[in-house]
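Q: For reference, this is protein.csv, and it has CSV, C-alpha atoms and all ligand atoms.
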chain,number,residue,atom,x,y,z
Y,1,MET,CA,-101.2,17.9,81.7
Y,2,LEU,CA,-97.9,19.0,83.2
Y,3,THR,CA,-95.3,21.1,81.3
Y,4,GLY,CA,-91.8,22.1,82.0
Y,5,ALA,CA,-89.0,24.2,80.3
Y,6,GLY,CA,-88.8,21.7,77.4
Y,7,ILE,CA,-92.0,23.0,75.9
Y,8,SER,CA,-90.7,26.5,75.7
Y,9,THR,CA,-87.2,25.9,74.3
Y,10,GLU,CA,-88.8,25.6,70.9
Y,11,SER,CA,-89.9,29.3,71.4
Y,12,GLY,CA,-86.2,30.2,71.9
Y,13,ILE,CA,-86.4,30.3,75.7
Y,14,PRO,CA,-83.3,28.7,77.3
Y,15,ASP,CA,-84.0,26.0,79.9
Y,16,PHE,CA,-82.2,25.8,83.2
Y,17,ARG,CA,-80.5,22.5,83.7
Y,18,SER,CA,-79.2,21.4,80.2
Y,19,ARG,CA,-75.6,22.0,79.1
Y,20,THR,CA,-76.7,25.2,77.3
Y,21,GLY,CA,-79.2,26.2,80.0
Y,22,LEU,CA,-79.3,29.2,82.1
Y,23,TRP,CA,-77.6,27.6,85.1
Y,24,ALA,CA,-74.6,26.8,83.0
Y,25,LYS,CA,-74.1,30.5,82.5
Y,26,TYR,CA,-75.6,32.0,85.7
Y,27,ASP,CA,-75.0,30.6,89.2
Y,28,PRO,CA,-78.5,30.2,90.6
Y,29,LEU,CA,-77.1,30.9,94.1
Y,30,GLU,CA,-76.1,34.4,92.9
Y,31,TYR,CA,-79.1,35.2,90.6
Y,32,ALA,CA,-82.1,33.1,91.6
Y,33,THR,CA,-82.4,32.9,95.4
Y,34,ILE,CA,-84.5,35.2,97.5
Y,35,ASP,CA,-81.4,35.9,99.6
Y,36,ALA,CA,-79.5,37.0,96.6
Y,37,PHE,CA,-82.4,39.2,95.6
Y,38,LEU,CA,-82.7,40.8,99.0
Y,39,ALA,CA,-78.9,41.3,99.2
Y,40,ASP,CA,-78.4,42.7,95.7
Y,41,PRO,CA,-81.6,43.3,93.7
Y,42,VAL,CA,-79.7,45.3,91.1
Y,43,LYS,CA,-77.5,42.3,90.2
Y,44,VAL,CA,-80.5,40.0,90.1
Y,45,TRP,CA,-82.3,42.3,87.8
Y,46,GLU,CA,-79.3,42.1,85.3
Y,47,PHE,CA,-80.3,38.4,85.0
Y,48,TYR,CA,-84.1,39.1,84.9
Y,49,GLY,CA,-83.8,42.1,82.6
Y,50,ASN,CA,-82.2,39.9,80.0
Y,51,ARG,CA,-84.8,37.2,80.6
Y,52,PHE,CA,-87.7,39.8,80.3
Y,53,GLU,CA,-86.3,40.9,76.9
Y,54,VAL,CA,-86.1,37.3,75.7
Y,55,LEU,CA,-89.6,36.5,77.0
Y,56,ALA,CA,-91.1,39.7,75.6
Y,57,ARG,CA,-90.0,38.6,72.1
Y,58,ALA,CA,-90.9,34.9,72.4
Y,59,GLU,CA,-94.0,33.6,70.8
Y,60,PRO,CA,-96.0,30.4,71.7
Y,61,ASN,CA,-95.0,27.5,69.6
Y,62,ASP,CA,-96.9,24.5,68.2
Y,63,GLY,CA,-96.8,22.7,71.5
Y,64,HIS,CA,-98.5,25.6,73.4
Y,65,LEU,CA,-101.0,26.1,70.6
Y,66,ALA,CA,-101.9,22.4,70.4
Y,67,LEU,CA,-102.5,22.2,74.1
Y,68,ALA,CA,-104.8,25.2,74.0
Y,69,GLU,CA,-106.7,23.6,71.2
Y,70,LEU,CA,-107.0,20.3,73.0
Y,71,GLU,CA,-108.4,22.1,76.0
Y,72,GLU,CA,-110.9,23.9,73.9
Y,73,ARG,CA,-111.9,20.6,72.3
Y,74,GLY,CA,-112.4,19.0,75.7
Y,75,TRP,CA,-109.4,16.6,75.8
Y,76,ILE,CA,-107.5,18.4,78.5
Y,77,GLN,CA,-108.8,19.5,81.8
Y,78,ALA,CA,-106.0,21.7,82.9
Y,79,VAL,CA,-102.3,22.6,82.3
Y,80,ILE,CA,-100.0,22.6,85.3
Y,81,THR,CA,-96.8,24.4,84.4
Y,82,GLN,CA,-93.4,25.0,86.0
Y,83,ASN,CA,-92.9,27.7,83.4
Y,84,ILE,CA,-93.1,31.4,84.2
Y,85,ASP,CA,-93.1,32.6,80.6
Y,86,ARG,CA,-96.8,33.3,80.0
Y,87,LEU,CA,-96.7,31.3,76.7
Y,88,HIS,CA,-99.5,28.9,77.7
Y,89,GLU,CA,-101.8,31.9,78.5
Y,90,ARG,CA,-100.8,33.7,75.3
Y,91,ALA,CA,-101.5,30.5,73.3
Y,92,GLY,CA,-105.1,30.4,74.7
Y,93,SER,CA,-104.9,27.9,77.6
Y,94,ARG,CA,-107.5,28.8,80.2
Y,95,ALA,CA,-107.3,26.3,83.0
Y,96,LEU,CA,-103.7,27.1,84.0
Y,97,VAL,CA,-101.9,26.3,87.2
Y,98,GLU,CA,-98.6,28.1,87.5
Y,99,VAL,CA,-96.7,26.4,90.3
Y,100,HIS,CA,-93.6,28.6,90.0
Y,101,GLY,CA,-95.4,31.9,89.6
Y,102,SER,CA,-95.2,34.0,86.5
Y,103,ILE,CA,-93.5,37.1,85.0
Y,104,ARG,CA,-97.0,38.5,84.4
Y,105,THR,CA,-96.5,40.8,87.3
Y,106,SER,CA,-93.8,42.1,89.7
Y,107,SER,CA,-94.5,43.2,93.3
Y,108,CYS,CA,-93.2,45.6,95.8
Y,109,LEU,CA,-92.1,43.8,99.0
Y,110,ASP,CA,-92.7,47.0,101.0
Y,111,CYS,CA,-96.1,48.4,100.0
Y,112,GLY,CA,-97.5,45.5,98.1
Y,113,ALA,CA,-98.0,47.3,94.8
Y,114,VAL,CA,-98.4,44.9,91.8
Y,115,VAL,CA,-97.0,46.0,88.5
Y,116,PRO,CA,-97.9,44.4,85.1
Y,117,PHE,CA,-95.2,42.9,82.8
Y,118,ASP,CA,-95.2,45.6,80.1
Y,119,GLU,CA,-94.8,48.4,82.7
Y,120,VAL,CA,-91.9,46.5,84.3
Y,121,ALA,CA,-90.3,45.7,81.0
Y,122,GLY,CA,-90.5,49.5,80.2
Y,123,ALA,CA,-88.7,50.3,83.5
Y,124,LEU,CA,-85.7,48.1,83.0
Y,125,PRO,CA,-82.8,47.8,83.9
Y,126,VAL,CA,-83.9,48.3,87.5
Y,127,PRO,CA,-87.7,48.6,87.8
Y,128,ARG,CA,-88.9,50.4,90.9
Y,129,CYS,CA,-92.2,50.6,92.7
Y,130,PRO,CA,-94.3,53.4,91.2
Y,131,ALA,CA,-95.7,54.1,94.7
Y,132,CYS,CA,-92.7,54.0,97.1
Y,133,GLY,CA,-89.6,53.5,94.9
Y,134,ARG,CA,-88.3,50.2,96.2
Y,135,ILE,CA,-86.9,47.8,93.6
Y,136,LEU,CA,-89.6,45.4,92.5
Y,137,LYS,CA,-89.4,41.7,92.7
Y,138,PRO,CA,-90.7,39.5,89.8
Y,139,ASP,CA,-93.6,37.3,90.9
Y,140,VAL,CA,-91.8,34.1,90.1
Y,141,VAL,CA,-90.8,31.7,92.8
Y,142,MET,CA,-87.1,32.1,93.7
Y,143,PHE,CA,-85.0,29.4,95.4
Y,144,GLY,CA,-85.6,29.7,99.1
Y,145,GLU,CA,-89.2,30.9,98.7
Y,146,LEU,CA,-92.3,29.0,99.5
Y,147,LEU,CA,-94.3,27.8,96.5
Y,148,PRO,CA,-97.7,29.3,96.0
Y,149,GLU,CA,-99.9,27.2,98.3
Y,150,ALA,CA,-103.1,27.4,96.4
Y,151,ALA,CA,-101.5,26.5,93.1
Y,152,ILE,CA,-99.7,23.5,94.6
Y,153,ALA,CA,-102.9,22.2,96.3
Y,154,ARG,CA,-104.8,22.6,93.0
Y,155,ALA,CA,-102.0,20.7,91.1
Y,156,MET,CA,-102.1,17.9,93.6
Y,157,GLN,CA,-105.9,17.6,93.3
Y,158,LEU,CA,-105.7,17.6,89.5
Y,159,ALA,CA,-102.9,15.0,89.5
Y,160,ALA,CA,-104.9,12.7,91.9
Y,161,GLY,CA,-108.0,12.9,89.7
Y,162,ALA,CA,-106.4,12.5,86.4
Y,163,GLY,CA,-107.1,9.5,84.3
Y,164,LEU,CA,-104.0,10.3,82.3
Y,165,LEU,CA,-101.2,12.7,83.4
Y,166,LEU,CA,-99.3,13.8,80.2
Y,167,VAL,CA,-95.9,15.2,81.1
Y,168,VAL,CA,-94.3,17.4,78.4
Y,169,GLY,CA,-90.8,18.9,78.5
Y,170,SER,CA,-90.0,18.2,82.2
Y,171,SER,CA,-87.3,15.9,83.5
Y,172,LEU,CA,-89.4,15.7,86.7
Y,173,GLU,CA,-86.4,16.5,88.9
Y,174,VAL,CA,-87.8,19.4,90.9
Y,175,TYR,CA,-90.2,18.8,93.8
Y,176,PRO,CA,-93.1,19.2,94.4
Y,177,VAL,CA,-93.9,18.9,90.7
Y,178,ALA,CA,-91.8,15.7,90.5
Y,179,GLY,CA,-94.2,14.2,93.0
Y,180,LEU,CA,-97.3,14.8,90.9
Y,181,PRO,CA,-97.0,11.6,88.8
Y,182,VAL,CA,-97.0,9.6,92.1
Y,183,GLU,CA,-100.4,11.1,92.9
Y,184,THR,CA,-101.8,10.1,89.5
Y,185,LEU,CA,-100.4,6.6,89.7
Y,186,ALA,CA,-101.5,6.1,93.3
Y,187,HIS,CA,-105.1,6.9,92.4
Y,188,GLY,CA,-105.2,4.5,89.4
Y,189,GLY,CA,-104.3,7.0,86.6
Y,190,SER,CA,-101.8,6.5,83.9
Y,191,LEU,CA,-98.7,8.5,83.0
Y,192,ALA,CA,-97.4,9.5,79.6
Y,193,VAL,CA,-94.1,11.3,79.1
Y,194,VAL,CA,-92.9,13.4,76.1
Y,195,ASN,CA,-89.4,14.6,76.9
Y,196,ARG,CA,-86.0,14.8,75.2
Y,197,GLY,CA,-83.9,12.5,77.4
Y,198,GLY,CA,-85.3,10.2,80.1
Y,199,THR,CA,-87.1,10.9,83.3
Y,200,GLY,CA,-87.0,8.9,86.6
Y,201,TYR,CA,-90.6,7.9,85.9
Y,202,ASP,CA,-90.1,6.3,82.4
Y,203,ALA,CA,-90.4,2.7,83.8
Y,204,ARG,CA,-93.8,3.5,85.3
Y,205,ALA,CA,-95.2,5.4,82.3
Y,206,ALA,CA,-97.6,3.8,80.0
Y,207,LEU,CA,-96.0,5.7,77.1
Y,208,THR,CA,-92.7,7.6,76.7
Y,209,ILE,CA,-91.9,9.6,73.6
Y,210,ASP,CA,-88.3,11.0,73.3
Y,211,ALA,CA,-89.1,13.8,70.9
Y,212,GLY,CA,-89.8,17.5,70.6
Y,213,ALA,CA,-92.9,18.9,72.3
Y,214,GLY,CA,-94.2,20.9,69.3
Y,215,GLU,CA,-94.2,18.1,66.7
Y,216,THR,CA,-95.5,15.5,69.2
Y,217,LEU,CA,-98.4,17.6,70.5
Y,218,ARG,CA,-99.4,18.8,67.0
Y,219,ALA,CA,-99.5,15.2,65.8
Y,220,LEU,CA,-101.6,14.3,68.9
Y,221,ALA,CA,-104.1,17.1,68.2
Y,222,GLU,CA,-104.4,15.9,64.6
Y,223,ALA,CA,-104.8,12.2,65.5
Y,224,LEU,CA,-107.5,12.7,68.2
Y,225,PRO,CA,-111.2,12.9,67.2
Y,226,ALA,CA,-112.6,16.4,67.5
Y,227,HIS,CA,-114.1,15.8,70.9
Y,228,PRO,CA,-113.8,13.0,73.5
Y,301,ZN,ZN,-93.9,50.0,97.0
Translate this file's structure into structure tokens.
A:
Amino acid sequence: MLTGAGISTESGIPDFRSRTGLWAKYDPLEYATIDAFLADPVKVWEFYGNRFEVLARAEPNDGHLALAELEERGWIQAVITQNIDRLHERAGSRALVEVHGSIRTSSCLDCGAVVPFDEVAGALPVPRCPACGRILKPDVVMFGELLPEAAIARAMQLAAGAGLLLVVGSSLEVYPVAGLPVETLAHGGSLAVVNRGGTGYDARAALTIDAGAGETLRALAEALPAHP
């Protein structure tokens, strides 16, 4: 199971690359790179402060809830996600691999202090380290940063072993996540894609559904027997 921004748009969270997405409004070079953060963390927190407020109010939708239910029922082994919004966790997903990090915590780049979301949200607009006073960095992967190695390794391992990789709400444009379907296909697994708009993998997928994540996953959960 692999999810991208498209599963969270139904929770009112803007995606990145669509016409109404975040990158249409904010230049990622100014707001989403590690160099931009190091050069002007106050400016980057204007962007994240706004996101934290949206994410604090957002609730998991039918898509997140259906996936958590399918995991509980034994249909899904794990959810690999590009999303940093915590909505899978809040919906009840347990085996979660967050390849782009999460807003669950922010860290101090000087002393290593780790501060939970609620505390950071309460310290906006410019959250500082409670120990040393340096401006915190959200624990999400910014452009120019390395992806979390353990999470990527786990994602590759899951994709290689999957009988079916179900991709929901990702256009599969961003590597290394875009390479996961190759792993599944190369090891004899199948691919299914639920996404509004096409992906580069549609021709190699056993099934493609051009529809919303919530309605599709809810229907899937209802159509499947209780347990495999
Ligand atoms: Zn510190």
Q: At what distance in Å, to one decimal, does atom CA of Y:Leu70 lie from atom CA of Y:Leu220?
A: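 For atom CA of Y:Leu220 relative to atom CA of Y:Leu70, the distance reads 9.1 Å.
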Q: Give the residues close to ligand ZN 301 (chain Y), within 12 Å, counting only C-alpha atoms and all ligand atoms; write them as a ChimeraX atom specification.
A: /Y:106-115,127-137
Q: Restricting the calculation to only C-alpha atoms: of Y:Gly63, Y:Gly212, Y:Gly197, Y:Pro228, which residue gets closest to Y:Ser18?
A: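 Checking each candidate against Y:Ser18, we get Y:Gly197 as the closest.
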Q: Find, counting only C-alpha atoms, the residue in Y:Gly161, Y:Pro148, Y:Ala178, Y:Pro125 that gets nearest to Y:Pro41.
A: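 Going through Y:Gly161, Y:Pro148, Y:Ala178, Y:Pro125 one by one, the smallest distance to Y:Pro41 is for Y:Pro125.
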Q: Interatomic distance between atom CA of Y:Arg57 and atom CA of Y:Ser170?
A: 22.8 Å
Q: Which is closest to Y:Tyr26 among Y:Asn61, Y:Thr208, Y:Ser8, Y:Asn50, if we use only C-alpha atoms?
A: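 Smallest separation from Y:Tyr26 among the options: Y:Asn50.
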Q: Quick one, how far is atom CA of Y:His187 from atom CA of Y:Arg204?
A: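 Straight-line distance from atom CA of Y:His187 to atom CA of Y:Arg204 works out to 13.8 Å.
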Q: What residues have an atom no more than 10 Å from (-99.2, 8.3, 80.2) in the file's own frame, counting all atoms listed in the file, and can you write them as a list in words?
A: Met1, Gly163, Leu164, Leu165, Leu166, Val167, Pro181, Thr184, Leu185, Gly189, Ser190, Leu191, Ala192, Val193, Val194, Asp202, Arg204, Ala205, Ala206, Leu207, Thr208 and Ile209 of chain Y
Q: Write out as JSON lines a residue-level contact list of stretch 173-226 of chain Y versus stretch 71-84 of chain Y with cut-off 10 Å: for each qualifying residue the closest pair of atoms and the distance in Å to one decimal, counting all atoms listed in the file, rows sorted by chain and residue number upward.
A:
{"residue": "Y:Val174", "atom": "CA", "partner": "Y:Gln82", "partner_atom": "CA", "distance": 9.3}
{"residue": "Y:Val177", "atom": "CA", "partner": "Y:Gln82", "partner_atom": "CA", "distance": 7.7}
{"residue": "Y:Leu180", "atom": "CA", "partner": "Y:Ile80", "partner_atom": "CA", "distance": 10.0}
{"residue": "Y:Ala221", "atom": "CA", "partner": "Y:Trp75", "partner_atom": "CA", "distance": 9.3}
{"residue": "Y:Leu224", "atom": "CA", "partner": "Y:Trp75", "partner_atom": "CA", "distance": 8.8}
{"residue": "Y:Pro225", "atom": "CA", "partner": "Y:Arg73", "partner_atom": "CA", "distance": 9.3}
{"residue": "Y:Ala226", "atom": "CA", "partner": "Y:Arg73", "partner_atom": "CA", "distance": 6.4}
Q: If we count only C-alpha atoms, what is near Y:Glu215 at a cut-off of 8 Å, once residues fewer than 4 positions away on the same chain are taken out, given as a list in words?
A: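 So, after excluding close chain neighbours, the residues are Asp62, Gly63, Ala211 and Ala219 of chain Y.
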Q: Skip Y:Leu124 itself and residues of its chain fewer than 4 positions away, then list as a VMD selection string all residues within 9 Å of it, counting all atoms listed in the file.
A: chain Y and resid 45 49 52 120 128
Q: Because the input lacks atoms here, generate N, CA, C and O atoms for stretch 216-227 of chain Y and report them as a PDB file, keeping the file's coordinate frame.
A:
ATOM      1  N   THR Y 216     -94.783  16.602  68.531  1.00  0.00           N
ATOM      2  CA  THR Y 216     -95.500  15.500  69.200  1.00  0.00           C
ATOM      3  C   THR Y 216     -96.967  15.961  69.484  1.00  0.00           C
ATOM      4  O   THR Y 216     -97.938  15.260  69.204  1.00  0.00           O
ATOM      5  N   LEU Y 217     -97.097  17.156  70.081  1.00  0.00           N
ATOM      6  CA  LEU Y 217     -98.400  17.600  70.500  1.00  0.00           C
ATOM      7  C   LEU Y 217     -99.281  17.990  69.265  1.00  0.00           C
ATOM      8  O   LEU Y 217    -100.495  17.789  69.262  1.00  0.00           O
ATOM      9  N   ARG Y 218     -98.638  18.511  68.234  1.00  0.00           N
ATOM     10  CA  ARG Y 218     -99.400  18.800  67.000  1.00  0.00           C
ATOM     11  C   ARG Y 218     -99.931  17.529  66.407  1.00  0.00           C
ATOM     12  O   ARG Y 218    -101.101  17.445  66.009  1.00  0.00           O
ATOM     13  N   ALA Y 219     -99.074  16.495  66.351  1.00  0.00           N
ATOM     14  CA  ALA Y 219     -99.500  15.200  65.800  1.00  0.00           C
ATOM     15  C   ALA Y 219    -100.638  14.607  66.653  1.00  0.00           C
ATOM     16  O   ALA Y 219    -101.597  14.042  66.127  1.00  0.00           O
ATOM     17  N   LEU Y 220    -100.539  14.776  67.986  1.00  0.00           N
ATOM     18  CA  LEU Y 220    -101.600  14.300  68.900  1.00  0.00           C
ATOM     19  C   LEU Y 220    -102.906  14.982  68.610  1.00  0.00           C
ATOM     20  O   LEU Y 220    -103.956  14.350  68.499  1.00  0.00           O
ATOM     21  N   ALA Y 221    -102.845  16.305  68.467  1.00  0.00           N
ATOM     22  CA  ALA Y 221    -104.100  17.100  68.200  1.00  0.00           C
ATOM     23  C   ALA Y 221    -104.709  16.661  66.889  1.00  0.00           C
ATOM     24  O   ALA Y 221    -105.940  16.611  66.764  1.00  0.00           O
ATOM     25  N   GLU Y 222    -103.880  16.328  65.915  1.00  0.00           N
ATOM     26  CA  GLU Y 222    -104.400  15.900  64.600  1.00  0.00           C
ATOM     27  C   GLU Y 222    -104.963  14.505  64.651  1.00  0.00           C
ATOM     28  O   GLU Y 222    -105.923  14.182  63.925  1.00  0.00           O
ATOM     29  N   ALA Y 223    -104.358  13.640  65.475  1.00  0.00           N
ATOM     30  CA  ALA Y 223    -104.800  12.200  65.500  1.00  0.00           C
ATOM     31  C   ALA Y 223    -106.057  12.012  66.305  1.00  0.00           C
ATOM     32  O   ALA Y 223    -106.795  11.081  66.035  1.00  0.00           O
ATOM     33  N   LEU Y 224    -106.322  12.870  67.290  1.00  0.00           N
ATOM     34  CA  LEU Y 224    -107.500  12.700  68.200  1.00  0.00           C
ATOM     35  C   LEU Y 224    -108.774  13.125  67.429  1.00  0.00           C
ATOM     36  O   LEU Y 224    -108.749  14.089  66.665  1.00  0.00           O
ATOM     37  N   PRO Y 225    -109.899  12.445  67.707  1.00  0.00           N
ATOM     38  CA  PRO Y 225    -111.200  12.900  67.200  1.00  0.00           C
ATOM     39  C   PRO Y 225    -111.459  14.350  67.723  1.00  0.00           C
ATOM     40  O   PRO Y 225    -110.833  14.774  68.705  1.00  0.00           O
ATOM     41  N   ALA Y 226    -112.367  15.045  67.086  1.00  0.00           N
ATOM     42  CA  ALA Y 226    -112.600  16.400  67.500  1.00  0.00           C
ATOM     43  C   ALA Y 226    -112.904  16.576  68.956  1.00  0.00           C
ATOM     44  O   ALA Y 226    -112.371  17.474  69.608  1.00  0.00           O
ATOM     45  N   HIS Y 227    -113.749  15.676  69.506  1.00  0.00           N
ATOM     46  CA  HIS Y 227    -114.100  15.800  70.900  1.00  0.00           C
ATOM     47  C   HIS Y 227    -114.051  14.355  71.546  1.00  0.00           C
ATOM     48  O   HIS Y 227    -114.253  13.385  70.861  1.00  0.00           O
TER      49      HIS Y 227
END
